[in-house]
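**Q** I have a structure I would like to understand better, so I am pasting it below and will then ask my questions one at a time.
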2 protein chains.
Amino acid sequence: MPELRKDPVIGRWVIIASERSKRPDDFVLQEEQAQKGALCPFCTGNEDKTPPEILAYREPGTLPDKPGWRLRVVSNKFPALRIEGQLNKRGEGMYDKMQGIGAHEVIIETPDHEKRLADLEQGQIEDILWAFRDRTLDLKKDPRFRYILIFKNQGRAAGASLSHSHSQLIATPIVPKRVMEELVGASEYYEYKERCVFCDMVYQELRDRVRVVGQNDDFVAIEPFASRFPFETWIIPKIHEAHFEEATKHEFSKLAALLKDTMGRLKSVLKVPPYNYIIHTAPYVEDYSREYHWHIEIMPKLTRVAGFEWGTGFYINPTPPEEAARYLRGDDPISTPKN
Amino acid sequence: MPELRKDPVIGRWVIIASERSKRPDDFVLQEEQAQKGALCPFCTGNEDKTPPEILAYREPGTLPDKPGWRLRVVSNKFPALRIEGQLNKRGEGMYDKMQGIGAHEVIIETPDHEKRLADLEQGQIEDILWAFRDRTLDLKKDPRFRYILIFKNQGRAAGASLSHSHSQLIATPIVPKRVMEELVGASEYYEYKERCVFCDMVYQELRDRVRVVGQNDDFVAIEPFASRFPFETWIIPKIHEAHFEEATKHEFSKLAALLKDTMGRLKSVLKVPPYNYIIHTAPYVEDYSREYHWHIEIMPKLTRVAGFEWGTGFYINPTPPEEAARYLRGDDPISTPKN
C-alpha cells in the first residue's frame, strides 16, 4: 500500500510508492527501456495487457476489453494511489502520514499508436473531454476524495513512460497544496477587487492581444504574462465558470477545436515537444464558484528546472511570452526587434 | 535587462531572461552541445574566458585571473539577474513587474576538470564553504537584496550546462516564495510547540536511527521522512542556528567532512548521479533566529517531475527513505523484507 507522508515544515505531501519500489540499479536502466520496441499495452488488440476498462466509447456491438473502441479508461496498472481501503491517518512521532488511498486512471485517447493529440480529429478530442467529465462525475460520489486532477504527460522529458497518447486522472483524499495556493490567490484578489482574477486576465489579454495565440467564441489561448516555461500556453474559458466538468456540450466542442488548434501550433513551431498539460479546476466540496475560474495549463518541457528554481520557487524563462505568442501565431518574429 | 514578473494568481515570480532569449530552434540544439569537447571556461589557463574574479583562494604571489588558484568566484557570464540598476517596480494593467536586479555568481570549486565534489579533499570542501560565507557577508551589505541562495547543479539532468564542478549564488531583491513557505511552516510549528521543528526532527531521527545516513559531533545526514526524491538527503546541524554564514570554523570543518562522506556514499550507490543541492538558510533582514534552522538539501535527480507533481505539489517517490538510508549506510537492504 502506498503511503502519504507530510513534510513537517512545509506541509508538502509525498507519496511513498513502496510497491513501485526501486533499487539504485533501476534508475540506471530507466532511460534504456524506452528504446526497446516493447508491445504497447494501449494498442488495439492488447486490451488484456491493461486492467479491465472502467469506461469506453466503442462501436455498437463490440465487447468490453476487446477491440472496437475509440477511447478507453482503465485503472493505472502501477497506481500512485490505491482505490481500496481507508485513510487511517496517524502519526509517527512528530510526523504525519496516511494510507495512499485514491483513484488513478488512464485515459487511452486513441487506438492509434502513432497519433499525438494534435493529430486527432476534433471529434476524438471531444470524446477525451467527455471521458474526463464522465469519470469526474462518477468519482465525485466517493466521499473519501476531495479533489480530482486531470493531466497529461507527453514525451519522456515530461515524465511519460509510454508514448501512446494518453492522459491520466488522479482522485486525492486531500485538496492538493498547489491547488489550495491558487484558490487562496484567487480568493484574495476577489476580496480586494470583487472580480475574478482570471476574468480580468482574459479581458486584459483580449484588449492587448500581444500574448493571444488563438481564440473562438468561448475560449482564448494565451501565453501567460508570467510564463514559467518557454511556450507555456493557457486555454481559458471567456465566461466565468469554476468547474471544468460543468462545461456544456457546446463548450466542449469549442474547447476541442481550440485545443486542437493550439496543439497544432505548438507542434508546428516546436516539432514534437515533450509537454505536460493540467486541467485546473475548483474542488467540488467547498464553494469556490465566485472566485475561481477553470482553465488548462500546457507546459512544454524544453528547459530544465534546476537548483535555483527548487530553492526559490522562481522560474527562469529565456523566451518572453510575447515572443512565443508571435511564433505561435505565425507572425514573423525575426523582423521584430528584441527588447 | 531581465524582467521579474509576478503571476497574479499564485504570486509566483518568473525571471523573463530576454538577454538569454531563445528561438524555437535553440531548444532542439540544447542536448547536443554538451557532447562536444568545447574548451572549458572553468579550467586553469582559461581564466580569460570568465568575467573577472570577485574572490579567489590562490597560491601566494599569483595574480588575479591567472593560474595558481584553488577556488575562484566570478560573475555568471549569462546572469539570470543583473547587478546594475534599480528595481523600478511597476504595473502593466493588472500585472506586476520589476527590473531583474540581483547578483549571480559562480563558485568554481576546483581547477581540476574531472573532479566531482565527492572526489575533493576535505580542505577543498572547507574552502568552498568559506567562499559561500565570504560572498554572503559581502552581498548582505547591498540594501537592494533580501535573500541569498546558494545551490549547485551537477549533471545535465539537474540543469548544469557545464560539467566542471561549480556551485552558484544568487542574491534576490525579494525573499523567495519557497523560502517564505518554509519560514511560515517553521514559525507555525514554533508557535504551537515552542520548539524548533528542525531540532525536533534531529532529535527523533537520532533516536530512531532508521533514516540516518551518517553523522559527526556537529551534523547529521538523514533521508527525510517525506523525501520527495529517491535518495534525497539532508545535512542538518545538531545545534540550533538559523544562518549558514554564522557557522564557526570548527563547524565548517565538520560540515565539510560530513558533506564529503555523504557525497561519497551517494556516488558509491548511484554511480555519478545528477543532483542539486541547496543551502536553506534564514533571510538576514528579519529575525527568524528562534524558529528557523539552516540545513542543506541534496536532491539526486533520478526520476522526472511530471503532470501530477506540477498539478498538485505532491511528489511520488518510489524509494522509501528508510530503504535509501540502508543502501547509503551500506547495510544489506536485500535481506530486509520490504513493507
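All residue names refer to the C-alpha cells as shown: chains lettered A, B, ... in order, residues numbered from 1 in each chain, ligands numbered from 1 in order.
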Considering only C-alpha atoms, return as a list in words whatever protein or nucleic-acid residues lie within 9 Å of A:Val179, sequence-local ones (same chain, fewer than 3 positions apart) excluded.
**A** Val175, Pro176, Glu182, Leu183, Val184, His280, Thr281, Ala282 and Pro283 of chain A; Gly311, Thr312 and Gly313 of chain B
**Q** Keeping only C-alpha atoms, write the selected residues as a PDB file, in the first residue's frame.
**A**
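The resulting again_25.pdb:
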ATOM      1  CA  VAL A 175      -7.080  19.185  -1.733  1.00  0.00           C
ATOM      2  CA  PRO A 176      -3.501  19.434  -3.026  1.00  0.00           C
ATOM      3  CA  GLU A 182      -4.249  29.030  -6.440  1.00  0.00           C
ATOM      4  CA  LEU A 183      -7.580  29.141  -4.613  1.00  0.00           C
ATOM      5  CA  VAL A 184      -6.090  31.365  -1.913  1.00  0.00           C
ATOM      6  CA  HIS A 280      -7.001  23.478 -13.219  1.00  0.00           C
ATOM      7  CA  THR A 281     -10.491  23.268 -11.745  1.00  0.00           C
ATOM      8  CA  ALA A 282     -12.082  24.130  -8.398  1.00  0.00           C
ATOM      9  CA  PRO A 283     -12.573  21.469  -5.719  1.00  0.00           C
TER      10      PRO A 283
ATOM     11  CA  GLY B 311      -0.618  19.999 -10.705  1.00  0.00           C
ATOM     12  CA  THR B 312      -0.692  19.070  -7.052  1.00  0.00           C
ATOM     13  CA  GLY B 313       2.627  19.931  -5.422  1.00  0.00           C
TER      14      GLY B 313
END
**Q** Report as a ChimeraX atom specification all protein, DNA and RNA residues lying within 10 Å of B:Thr44, evaluated on only C-alpha atoms, omitting residues in the same chain fewer than 6 positions from it.
**A** /B:65-70,110-113
**Q** If we count only C-alpha atoms and set the cut-off at 9 Å, which residues sit around A:Lys260, ignoring sequence neighbours fewer than 2 positions away in its own chain? Please answer as a list in words.
**A**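 So, after excluding close chain neighbours, the residues are Leu117, Ala118, Asp119, Leu120, Glu121, Gln122, Ile125, Leu255, Ala256, Ala257, Leu258, Thr262, Met263, Gly264 and Arg265 of chain A.
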**Q** Would you kindly return, as a list in words, each protein, DNA or RNA residue with an atom no farther than 7 Å from any atom of B:His104, considering only C-alpha atoms and excluding same-chain residues fewer than 5 positions away?
**A** Ser75, Asn76, Pro79, Ala80, Leu81, Leu169, Ile170 and Ala171 of chain B
**Q** With distances taken over only C-alpha atoms, which residue among A:Pro237, A:Gly330, A:Pro318, A:Pro8 lies nearest B:Ser187?
**A**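 Closest candidate: A:Pro8.
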**Q** Please provide as a list in words all residues within 10 Å of B:Asn276, with the sequence filter that same-chain residues fewer than 2 positions apart are discarded (counting only C-alpha atoms).
**A** Ala306, Gly307, Phe308, Trp310 and Gly311 of chain A; Phe151, Lys152, Asn153, Gln154, Gly155, Ala157, Ala158, Gly159, Ala160, Ser167, Glu232, Pro273, Pro274, Ile278, Glu297, Ile298, Met299, Pro300 and Lys301 of chain B
**Q** Determine which residues of stretch 190-275 of chain B DSSP labels as helix (DSSP H, G or I) from the backbone of this structure, then write them out as a PyMOL selection string.
**A** chain B and resi 190-193+197-208+244-246+249-270
**Q** Using only C-alpha atoms, which of A:Glu84, A:Glu241, A:Asp261, A:Glu246 sits nearest A:Asn216?
**A** A:Asp261
**Q** Give the answer as one residue: which of A:Asp134, A:Glu223, A:Glu309, A:Asp287 has the shortest atom-to-atom distance to chain B, using only C-alpha atoms?
**A**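 Answer, going by the shortest atom-to-atom distance: A:Glu309.
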**Q** Enter the distance from atom CA of A:Val213 to atom CA of A:Ile236, in Å, rounded to one decimal.
**A**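 That distance, rounded to one decimal, is 11.7 Å.
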